[in-house]
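Participant: Data: entry.cif, mmCIF, C-alpha atoms and all ligand atoms.
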```
data_run
loop_
_atom_site.label_atom_id
_atom_site.label_comp_id
_atom_site.auth_asym_id
_atom_site.auth_seq_id
_atom_site.Cartn_x
_atom_site.Cartn_y
_atom_site.Cartn_z
CA MET M 1 -0.93 -1.89 -12.90
CA GLU M 2 -0.53 -5.61 -12.04
CA VAL M 3 -1.50 -6.55 -8.49
CA SER M 4 2.00 -7.85 -7.78
CA GLU M 5 3.52 -4.55 -8.98
CA ASN M 6 1.05 -2.66 -6.83
CA ILE M 7 2.09 -4.66 -3.75
CA ARG M 8 5.75 -4.09 -4.57
CA GLU M 9 5.19 -0.33 -4.91
CA ILE M 10 3.30 -0.18 -1.61
CA ALA M 11 5.98 -2.21 0.16
CA ASP M 12 8.72 0.04 -1.27
CA LEU M 13 6.88 3.06 0.05
CA TRP M 14 6.68 1.57 3.49
CA LEU M 15 9.97 -0.27 3.68
CA ASP M 16 12.16 1.99 1.55
CA GLY M 17 13.28 -0.93 -0.59
CA ALA M 18 14.20 -3.21 2.34
CA PRO M 19 13.71 -6.97 1.76
CA LEU M 20 10.13 -8.12 2.20
CA SER M 21 9.50 -10.29 5.22
CA GLN M 22 6.40 -12.46 5.30
CA SER M 23 4.56 -10.13 7.67
CA ASP M 24 5.46 -7.06 5.63
CA LEU M 25 4.23 -8.79 2.49
CA ARG M 26 1.00 -9.70 4.28
CA ALA M 27 0.59 -6.09 5.34
CA ALA M 28 1.15 -4.86 1.80
CA LYS M 29 -1.39 -7.37 0.47
CA SER M 30 -4.00 -6.39 3.02
CA LEU M 31 -3.46 -2.73 2.20
CA ALA M 32 -3.77 -3.47 -1.51
CA ALA M 33 -7.14 -5.11 -0.80
CA ARG M 34 -8.28 -2.22 1.35
CA LEU M 35 -7.30 0.36 -1.23
CA GLY M 36 -10.11 -0.88 -3.45
CA THR M 37 -12.41 1.03 -1.09
CA PHE M 38 -10.83 4.31 -2.10
CA GLU M 39 -10.84 3.79 -5.87
CA GLY M 40 -12.38 6.72 -7.63
CA VAL M 41 -11.86 9.22 -4.81
CA ARG M 42 -10.41 12.30 -6.47
CA PRO M 43 -9.94 15.29 -4.24
CA PHE M 44 -9.13 18.11 -6.62
CA SER M 45 -11.62 20.51 -8.15
CA ALA M 46 -11.14 21.92 -11.65
CA VAL M 47 -9.92 25.18 -10.05
CA VAL M 48 -7.23 23.43 -8.00
CA GLN M 49 -6.11 21.38 -11.02
CA SER M 50 -5.88 24.52 -13.13
CA LEU M 51 -3.94 26.26 -10.34
CA LEU M 52 -1.45 23.37 -10.20
CA GLU M 53 -0.99 23.50 -13.98
CA HIS M 54 -0.33 27.25 -13.96
CA VAL M 55 2.13 27.16 -11.05
CA SER M 56 4.06 24.19 -12.50
CA ARG M 57 5.11 26.36 -15.49
CA PRO M 58 8.45 28.08 -14.89
CA ASP M 59 7.15 31.33 -16.46
CA PHE M 60 3.71 31.36 -14.86
CA ASP M 61 1.80 34.62 -14.83
CA LEU M 62 0.84 35.88 -11.36
CA LYS M 63 -2.27 37.65 -12.68
CA GLN M 64 -3.52 34.42 -14.27
CA VAL M 65 -2.86 32.51 -11.04
CA CYS M 66 -4.97 35.07 -9.14
CA ASN M 67 -7.73 34.87 -11.76
CA VAL M 68 -7.87 31.08 -11.32
CA ILE M 69 -8.06 31.36 -7.52
CA GLU M 70 -10.83 33.96 -7.75
CA LEU M 71 -12.96 31.47 -9.70
CA ASP M 72 -13.44 29.67 -6.36
CA PRO M 73 -14.60 32.25 -3.76
CA ALA M 74 -14.28 29.78 -0.87
CA LEU M 75 -10.66 29.05 -1.82
CA ALA M 76 -9.91 32.75 -2.36
CA SER M 77 -11.28 33.72 1.04
CA ARG M 78 -9.45 30.93 2.82
CA ILE M 79 -6.13 31.95 1.20
CA LEU M 80 -6.79 35.53 2.31
CA ARG M 81 -7.52 34.34 5.87
CA ILE M 82 -4.27 32.37 5.92
CA ALA M 83 -2.28 35.34 4.58
CA ASN M 84 -3.79 37.44 7.41
CA SER M 85 -3.34 34.76 10.09
CA ALA M 86 -0.81 34.93 12.91
CA ALA M 87 1.68 32.91 10.86
CA TYR M 88 2.00 35.75 8.29
CA ARG M 89 0.52 38.78 10.05
CA ALA M 90 3.90 40.28 10.95
CA MET M 91 4.01 41.59 7.37
CA GLY M 92 0.87 43.74 7.82
CA PRO M 93 -2.71 43.33 6.61
CA CYS M 94 -3.32 41.72 3.24
CA ALA M 95 -6.40 42.89 1.29
CA SER M 96 -6.29 41.13 -2.10
CA VAL M 97 -5.74 37.65 -3.50
CA GLY M 98 -2.75 39.04 -5.41
CA GLN M 99 -1.08 40.27 -2.21
CA ALA M 100 -1.89 36.95 -0.50
CA VAL M 101 -0.26 34.95 -3.32
CA VAL M 102 2.87 37.12 -3.20
CA ARG M 103 3.03 36.82 0.58
CA ILE M 104 2.52 33.07 0.80
CA GLY M 105 4.33 32.25 -2.46
CA ALA M 106 2.56 30.91 -5.57
CA SER M 107 3.85 27.34 -5.23
CA ASN M 108 2.98 27.30 -1.52
CA VAL M 109 -0.51 28.54 -2.39
CA SER M 110 -1.00 25.66 -4.82
CA GLY M 111 0.22 23.22 -2.13
CA LEU M 112 -2.21 24.76 0.34
CA ALA M 113 -5.04 24.56 -2.17
CA MET M 114 -4.26 20.86 -2.74
CA ALA M 115 -4.14 20.09 0.97
CA MET M 116 -7.32 22.04 1.76
CA SER M 117 -9.06 20.37 -1.15
CA ALA M 118 -8.04 16.94 0.19
CA MET M 119 -9.16 17.79 3.73
CA ALA M 120 -12.49 19.13 2.45
CA LEU M 121 -13.35 15.56 1.43
CA PHE M 122 -13.79 14.82 5.11
CA ARG M 123 -15.81 17.88 6.07
CA ASP M 124 -18.92 15.80 6.76
CA LEU M 125 -17.21 13.47 9.21
CA GLY M 126 -18.38 14.56 12.65
CA GLY M 127 -17.01 13.68 16.08
CA VAL M 128 -13.66 12.00 15.80
CA GLY M 129 -13.27 13.13 12.17
CA ARG M 130 -13.55 16.72 13.32
CA ARG M 131 -10.95 16.15 16.04
CA ILE M 132 -8.53 14.64 13.52
CA ARG M 133 -9.04 17.57 11.13
CA ASP M 134 -8.39 20.01 14.00
CA HIS M 135 -5.31 18.02 14.99
CA SER M 136 -4.08 18.15 11.38
CA ALA M 137 -4.49 21.94 11.20
CA GLY M 138 -2.77 22.35 14.57
CA THR M 139 0.12 20.07 13.58
CA ALA M 140 0.56 22.02 10.31
CA VAL M 141 0.90 25.44 11.93
CA VAL M 142 3.04 24.14 14.80
CA ALA M 143 5.40 22.39 12.32
CA ARG M 144 5.66 25.60 10.29
CA GLU M 145 6.27 27.74 13.37
CA LEU M 146 8.94 25.35 14.69
CA ALA M 147 10.69 25.43 11.30
CA MET M 148 10.67 29.25 11.31
CA SER M 149 11.82 29.50 14.94
CA LEU M 150 14.62 26.96 14.50
CA GLY M 151 16.10 28.72 11.46
CA CYS M 152 14.76 26.28 8.83
CA VAL M 153 12.68 28.86 6.96
CA SER M 154 12.99 27.11 3.59
CA LEU M 155 11.53 23.91 5.07
CA ALA M 156 8.50 25.66 6.58
CA PRO M 157 6.09 25.16 3.60
CA LYS M 158 6.82 21.41 3.41
CA ALA M 159 6.53 21.04 7.18
CA PHE M 160 3.15 22.80 6.98
CA LEU M 161 1.81 20.61 4.16
CA ALA M 162 3.07 17.39 5.75
CA GLY M 163 1.39 18.43 9.01
CA LEU M 164 -1.91 19.15 7.29
CA LEU M 165 -1.97 15.79 5.52
CA HIS M 166 -0.11 13.49 7.94
CA ASP M 167 -3.15 11.74 9.45
CA ILE M 168 -5.31 11.65 6.31
CA GLY M 169 -5.07 7.84 6.46
CA LYS M 170 -7.13 7.91 9.68
CA LEU M 171 -9.84 9.94 7.94
CA LEU M 172 -9.82 7.53 5.00
CA ILE M 173 -10.38 4.54 7.29
CA ILE M 174 -13.13 6.35 9.25
CA GLN M 175 -14.79 7.20 5.93
CA THR M 176 -15.24 3.47 5.24
CA GLY M 177 -17.69 3.35 8.19
CA ASP M 178 -15.56 1.02 10.32
CA GLN M 179 -17.11 1.73 13.73
CA ALA M 180 -14.55 -0.29 15.68
CA TYR M 181 -11.82 1.86 14.18
CA ALA M 182 -13.73 5.12 14.77
CA ASP M 183 -14.06 4.11 18.44
CA LEU M 184 -10.35 3.31 18.62
CA ALA M 185 -9.36 6.62 16.99
CA ALA M 186 -11.67 8.51 19.38
CA ARG M 187 -10.18 6.76 22.41
CA GLU M 188 -6.54 6.95 21.38
CA MET M 189 -5.43 10.37 20.26
CA VAL M 190 -1.88 9.93 21.65
CA PRO M 191 0.36 10.18 18.56
CA SER M 192 2.56 7.22 19.51
CA SER M 193 -0.04 4.49 20.03
CA VAL M 194 -2.81 4.27 17.40
CA HIS M 195 -0.63 3.09 14.53
CA LEU M 196 0.48 0.02 16.50
CA LYS M 197 -3.15 -0.99 17.08
CA GLU M 198 -3.92 -0.38 13.40
CA LEU M 199 -1.13 -2.78 12.46
CA SER M 200 -2.74 -5.53 14.50
CA MET M 201 -6.27 -4.67 13.23
CA PHE M 202 -5.51 -4.26 9.52
CA GLY M 203 -1.89 -5.26 8.89
CA PHE M 204 -1.02 -1.65 7.94
CA ASP M 205 -1.21 1.74 9.58
CA HIS M 206 -2.73 5.12 8.67
CA ALA M 207 0.70 6.50 7.72
CA MET M 208 1.22 3.91 5.02
CA LEU M 209 -2.35 4.15 3.76
CA GLY M 210 -2.29 7.96 3.67
CA ALA M 211 1.01 8.03 1.79
CA HIS M 212 -0.20 5.58 -0.82
CA VAL M 213 -3.46 7.43 -1.46
CA LEU M 214 -1.66 10.80 -1.63
CA ARG M 215 0.70 9.35 -4.23
CA SER M 216 -2.25 8.10 -6.24
CA TRP M 217 -3.62 11.67 -6.12
CA GLN M 218 -0.27 12.91 -7.55
CA ILE M 219 0.65 14.89 -4.43
CA PRO M 220 4.34 15.48 -5.17
CA GLU M 221 7.19 13.97 -3.18
CA PRO M 222 8.51 14.28 -0.53
CA ILE M 223 5.08 14.75 1.13
CA PRO M 224 3.82 11.14 0.67
CA GLN M 225 7.18 9.71 1.78
CA LEU M 226 7.29 11.91 4.88
CA ILE M 227 3.77 10.82 5.75
CA ALA M 228 4.65 7.14 5.22
CA TRP M 229 7.45 7.52 7.77
CA HIS M 230 5.87 9.75 10.40
CA HIS M 231 5.51 6.88 12.89
CA GLN M 232 8.49 4.80 11.74
CA THR M 233 11.68 5.53 13.58
CA LYS M 234 13.53 2.72 11.79
CA ASN M 235 13.38 4.54 8.46
CA GLU M 236 14.59 7.89 9.70
CA ARG M 237 18.20 6.82 9.19
CA SER M 238 17.62 6.37 5.45
CA CYS M 239 15.88 9.73 5.07
CA ALA M 240 18.35 12.19 3.55
CA PRO M 241 18.69 15.74 4.88
CA PRO M 242 16.99 18.22 4.61
CA MET M 243 13.90 15.98 4.51
CA ALA M 244 15.07 14.25 7.70
CA LYS M 245 14.72 17.64 9.37
CA VAL M 246 11.15 18.05 8.06
CA LEU M 247 10.38 14.59 9.44
CA ASP M 248 11.75 15.62 12.85
CA LEU M 249 9.64 18.79 12.77
CA LEU M 250 6.53 16.84 11.75
CA ARG M 251 6.99 14.26 14.51
CA LEU M 252 7.56 17.02 17.06
CA ALA M 253 4.55 19.03 15.91
CA ASP M 254 2.36 15.91 16.08
CA VAL M 255 3.11 15.62 19.82
CA VAL M 256 3.13 19.38 20.50
CA ASP M 257 -0.38 19.70 19.05
CA TRP M 258 -1.58 16.85 21.23
CA LEU M 259 0.01 18.35 24.38
CA LEU M 260 -1.47 21.79 23.61
CA GLY M 261 -4.87 20.17 23.05
CA GLN M 262 -4.60 18.63 26.52
CA GLY M 263 -3.96 22.10 28.00
CA CYS M 264 -0.38 21.17 28.90
CA PRO M 265 1.52 24.19 30.35
CA ALA M 266 4.97 25.32 29.19
CA ASP M 267 6.63 24.16 32.42
CA SER M 268 5.23 20.61 32.19
CA PRO M 269 7.79 17.80 32.38
CA TRP M 270 6.22 16.48 29.14
CA VAL M 271 7.41 19.58 27.30
CA ALA M 272 10.93 19.22 28.68
CA ARG M 273 10.92 15.50 27.82
CA LEU M 274 9.85 16.21 24.23
CA ALA M 275 12.56 18.86 23.78
CA ALA M 276 15.22 16.50 25.16
CA GLY M 277 14.02 13.48 23.14
CA PRO M 278 15.61 12.30 19.86
CA ASP M 279 13.33 14.34 17.55
CA GLY M 280 13.76 17.49 19.67
CA VAL M 281 17.55 17.18 19.80
CA ARG M 282 17.87 16.52 16.05
CA ALA M 283 15.58 19.48 15.27
CA GLY M 284 17.77 21.76 17.41
CA LEU M 285 15.40 22.25 20.36
CA SER M 286 16.54 22.49 23.95
CA VAL M 287 14.75 22.26 27.29
CA GLU M 288 14.83 26.07 27.32
CA THR M 289 13.69 26.84 23.76
CA LEU M 290 10.52 24.72 23.59
CA PRO M 291 8.95 26.22 26.77
CA SER M 292 9.88 29.70 25.52
CA LEU M 293 8.00 29.04 22.25
CA TRP M 294 4.99 27.45 23.99
CA GLY M 295 2.80 30.57 24.29
CA ALA M 296 3.26 31.49 20.61
CA LEU M 297 2.59 27.90 19.53
CA ARG M 298 -0.60 27.85 21.60
CA SER M 299 -2.02 31.05 20.07
CA ILE M 300 -1.04 30.10 16.50
CA ARG M 301 -2.70 26.72 16.98
CA GLU M 302 -5.90 28.22 18.40
CA GLU M 303 -6.19 30.55 15.43
CA ALA M 304 -5.57 27.70 12.97
CA LEU M 305 -8.57 25.81 14.34
CA HIS M 306 -10.73 28.75 13.18
CA VAL M 307 -8.98 29.32 9.85
CA PHE M 308 -9.11 25.66 8.81
CA GLY M 309 -12.21 24.58 10.76
FE FE M 401 -0.22 9.75 12.62
FE FE M 402 -1.08 13.03 14.20
#
```
I'd like the structure from this file rewritten - as structure tokens, please.
Ligand SMILES: [Fe+2]
Ligand SMILES: [Fe+2]
Facilitator:
Amino acid sequence: MEVSENIREIADLWLDGAPLSQSDLRAAKSLAARLGTFEGVRPFSAVVQSLLEHVSRPDFDLKQVCNVIELDPALASRILRIANSAAYRAMGPCASVGQAVVRIGASNVSGLAMAMSAMALFRDLGGVGRRIRDHSAGTAVVARELAMSLGCVSLAPKAFLAGLLHDIGKLLIIQTGDQAYADLAAREMVPSSVHLKELSMFGFDHAMLGAHVLRSWQIPEPIPQLIAWHHQTKNERSCAPPMAKVLDLLRLADVVDWLLGQGCPADSPWVARLAAGPDGVRAGLSVETLPSLWGALRSIREEALHVFG
């Protein structure tokens, strides 16, 4: 692809086709330069690629899907742990990969396998990398639980995947060995602040970077687009329902995970403020419902840190 086309594609991802201002163009150019660092990074094992191929066929065979998963014992055991986790446990214990695939859904399993495969790239990053991976797992299960509790069951798998991958851009930047950035990310875990500092440091933020790299890995839409927008309120208006709802859930879960990580209690004014804020109102939360869900969100999050850790 020509460099100019690449910049245009990146800018479209970020700006949703809005006219390019000089600063936006500069940001797109600086991102294009930075992306060279990530050339050649391919997250998916042969097993995950084969799983994606099988599940993409309309007449896929469940037995074959299970056989593919069982080729990777680590993947098989993780899928079993998820099927037996608090998020799915209400349906009783699950003893085989076949039962787990039926319970979670074959296409959701392939999405999970993709996301876990991508996150495994960053397994060696200690310290702040570990905290970001924990935050990603927590955001994923909180986003899923909020979707289920607010009557958006069909959106739960996308909310989960978007949560798991939403801050992958931070991990990608840390992976380049940029110590100043690692220090910043360690200091600033508040969801609403880091991206603004990234814009002044690099000319782009982790949301835009993550979305672009996920697209280059062929992670299907709308996940990359949701991730591109997860800190950009200005684009929410152009995001069509039901994906606007997933974006609301993702943005809420991002903050809920942070508050839970701080040990924030259900009756904190921060919880009430989040429920009454624009994302909370659009998602259908109230100042009563979020505190009532707080205990369940806390225990689901704690378990996720073990399942995905
Ligand atoms: Fe983020
Ligand atoms: Fe986040």
Participant: Hey, which of M:Glu188, M:Glu303, M:Glu145, M:Asp178 ends up closest to Val256 (chain M)? Count all atoms listed in the file.
Facilitator: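 Of M:Glu188, M:Glu303, M:Glu145, M:Asp178, the one nearest Val256 (chain M), counting all atoms listed in the file, is M:Glu145.
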Participant: Rank M:Ala228, M:Met114, M:Met208, M:Ile168 by their smallest atom-to-atom distance to ligand FE 402 (chain M), using all atoms listed in the file, and report the top residue only.
Facilitator: M:Ile168
Participant: Sorted by chain and rising residue number, which residues of chain M lie within 7 Å of ligand FE 402 (chain M), and what are their closest atom pairs and distances in Å to one decimal, counting only C-alpha atoms and all ligand atoms, as a Markdown table?
Facilitator:
```
| residue | atom | partner | partner_atom | distance |
| --- | --- | --- | --- | --- |
| M:His135 | CA | M:FE402 | FE | 6.6 |
| M:Ser136 | CA | M:FE402 | FE | 6.6 |
| M:His166 | CA | M:FE402 | FE | 6.4 |
| M:Asp167 | CA | M:FE402 | FE | 5.3 |
| M:Pro191 | CA | M:FE402 | FE | 5.4 |
| M:Asp254 | CA | M:FE402 | FE | 4.9 |
```
Participant: Just give me the gap between CA of Ala185 (chain M) and CA of Ser200 (chain M) in Å, one decimal is fine.
Facilitator: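 Separating CA of Ala185 (chain M) from CA of Ser200 (chain M) is a distance of 14.1 Å.
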Participant: Within 9 Å of ligand FE 401 (chain M), counting all atoms listed in the file: which residues, as a list of chain:residue names?
Facilitator: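 Those within range of ligand FE 401 (chain M) are M:His166, M:Asp167, M:Ile168, M:Gly169, M:Lys170, M:Pro191, M:Ser192, M:Val194, M:His195, M:Asp205, M:His206, M:Ala207, M:Ile227, M:His230, M:His231, M:Arg251, M:Asp254.
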Participant: Is it possible to get the residues within 10 Å of (0.4, 32.4, -3.7) (coordinates as in the file, counting all atoms listed in the file) written as a PDB file with C-alpha atoms, keeping the file's coordinate frame?
Facilitator:
```pdb
ATOM      1  CA  VAL M  55       2.130  27.160 -11.050  1.00  0.00           C
ATOM      2  CA  LEU M  62       0.840  35.880 -11.360  1.00  0.00           C
ATOM      3  CA  VAL M  65      -2.860  32.510 -11.040  1.00  0.00           C
ATOM      4  CA  CYS M  66      -4.970  35.070  -9.140  1.00  0.00           C
ATOM      5  CA  ILE M  69      -8.060  31.360  -7.520  1.00  0.00           C
ATOM      6  CA  ILE M  79      -6.130  31.950   1.200  1.00  0.00           C
ATOM      7  CA  LEU M  80      -6.790  35.530   2.310  1.00  0.00           C
ATOM      8  CA  ALA M  83      -2.280  35.340   4.580  1.00  0.00           C
ATOM      9  CA  VAL M  97      -5.740  37.650  -3.500  1.00  0.00           C
ATOM     10  CA  GLY M  98      -2.750  39.040  -5.410  1.00  0.00           C
ATOM     11  CA  GLN M  99      -1.080  40.270  -2.210  1.00  0.00           C
ATOM     12  CA  ALA M 100      -1.890  36.950  -0.500  1.00  0.00           C
ATOM     13  CA  VAL M 101      -0.260  34.950  -3.320  1.00  0.00           C
ATOM     14  CA  VAL M 102       2.870  37.120  -3.200  1.00  0.00           C
ATOM     15  CA  ARG M 103       3.030  36.820   0.580  1.00  0.00           C
ATOM     16  CA  ILE M 104       2.520  33.070   0.800  1.00  0.00           C
ATOM     17  CA  GLY M 105       4.330  32.250  -2.460  1.00  0.00           C
ATOM     18  CA  ALA M 106       2.560  30.910  -5.570  1.00  0.00           C
ATOM     19  CA  SER M 107       3.850  27.340  -5.230  1.00  0.00           C
ATOM     20  CA  ASN M 108       2.980  27.300  -1.520  1.00  0.00           C
ATOM     21  CA  VAL M 109      -0.510  28.540  -2.390  1.00  0.00           C
ATOM     22  CA  SER M 110      -1.000  25.660  -4.820  1.00  0.00           C
ATOM     23  CA  GLY M 111       0.220  23.220  -2.130  1.00  0.00           C
ATOM     24  CA  LEU M 112      -2.210  24.760   0.340  1.00  0.00           C
ATOM     25  CA  ALA M 113      -5.040  24.560  -2.170  1.00  0.00           C
TER      26      ALA M 113
END
```
Participant: As an exercise, work out the distance from CA of His306 (chain M) to CA of Pro224 (chain M) in Å and give it to one decimal place.
Facilitator: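 Distance reported for this atom pair: 26.0 Å.
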Participant: Hey, which of M:Ala182, M:Ala296, M:Met189, M:Leu199 ends up closest to Gln262 (chain M)? Count all atoms listed in the file.
Facilitator: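 Ranking M:Ala182, M:Ala296, M:Met189, M:Leu199 by distance to Gln262 (chain M), first place goes to M:Met189.
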Participant: So, with only C-alpha atoms as the atoms that count, which of M:Gly284, M:Pro278, M:Leu293, M:Met119 lies closest to Ala266 (chain M)?
Facilitator: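 Closest to Ala266 (chain M), using only C-alpha atoms: M:Leu293.
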Participant: Work out how far apart CA of Leu250 (chain M) and CA of His212 (chain M) are and give it in Å to one decimal.
Facilitator: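 Answer for the CA of Leu250 (chain M) to CA of His212 (chain M) separation: 18.2 Å.
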Participant: Could you tell me which of M:Thr176, M:Ser50, M:Thr139, M:Ser45 comes closest to Met116 (chain M) if we count all atoms listed in the file?
Facilitator: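 Once distances to Met116 (chain M) are computed over all atoms listed in the file, the minimum belongs to M:Ser45.
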Participant: With only C-alpha atoms as the atoms that count, which of M:Leu196, M:Arg130, M:Lys158, M:Leu171 lies nearest to Ile219 (chain M)?
Facilitator: M:Lys158
Participant: List as a PDB file with C-alpha atoms, in the coordinates of the input: which residues have an atom within 12 Å of (8.8, 21.3, 33.1), counting all atoms listed in the file?
Facilitator:
```pdb
ATOM      1  CA  CYS M 264      -0.380  21.170  28.900  1.00  0.00           C
ATOM      2  CA  PRO M 265       1.520  24.190  30.350  1.00  0.00           C
ATOM      3  CA  ALA M 266       4.970  25.320  29.190  1.00  0.00           C
ATOM      4  CA  ASP M 267       6.630  24.160  32.420  1.00  0.00           C
ATOM      5  CA  SER M 268       5.230  20.610  32.190  1.00  0.00           C
ATOM      6  CA  PRO M 269       7.790  17.800  32.380  1.00  0.00           C
ATOM      7  CA  TRP M 270       6.220  16.480  29.140  1.00  0.00           C
ATOM      8  CA  VAL M 271       7.410  19.580  27.300  1.00  0.00           C
ATOM      9  CA  ALA M 272      10.930  19.220  28.680  1.00  0.00           C
ATOM     10  CA  ARG M 273      10.920  15.500  27.820  1.00  0.00           C
ATOM     11  CA  LEU M 274       9.850  16.210  24.230  1.00  0.00           C
ATOM     12  CA  ALA M 275      12.560  18.860  23.780  1.00  0.00           C
ATOM     13  CA  ALA M 276      15.220  16.500  25.160  1.00  0.00           C
ATOM     14  CA  VAL M 287      14.750  22.260  27.290  1.00  0.00           C
ATOM     15  CA  GLU M 288      14.830  26.070  27.320  1.00  0.00           C
ATOM     16  CA  THR M 289      13.690  26.840  23.760  1.00  0.00           C
ATOM     17  CA  LEU M 290      10.520  24.720  23.590  1.00  0.00           C
ATOM     18  CA  PRO M 291       8.950  26.220  26.770  1.00  0.00           C
ATOM     19  CA  SER M 292       9.880  29.700  25.520  1.00  0.00           C
ATOM     20  CA  TRP M 294       4.990  27.450  23.990  1.00  0.00           C
TER      21      TRP M 294
END
```
Participant: Leaving out Arg301 (chain M) and any residue of its chain fewer than 4 positions from it, which residues lie within 7 Å of it when counting all atoms listed in the file, given as a list in words?
Facilitator: Gly138, Val141, Val142, Leu297 and Leu305 of chain M
Participant: If we count all atoms listed in the file, what is near Phe160 (chain M) at a cut-off of 6 Å, once residues fewer than 6 positions away on the same chain are taken out, given as a list in words?
Facilitator: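 Using all atoms listed in the file, the neighbours found are Ala140, Ala143 and Arg144 of chain M.
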Participant: Hey, could you pull the box centre and edge lengths for region 263-280 of chain M, axis-aligned, 8 Å padding per side, all listed atoms, to one decimal in Å, as JSON?
Facilitator:
```
{"center_x": 5.8, "center_y": 18.8, "center_z": 25.0, "size_x": 35.6, "size_y": 29.0, "size_z": 30.9}
```
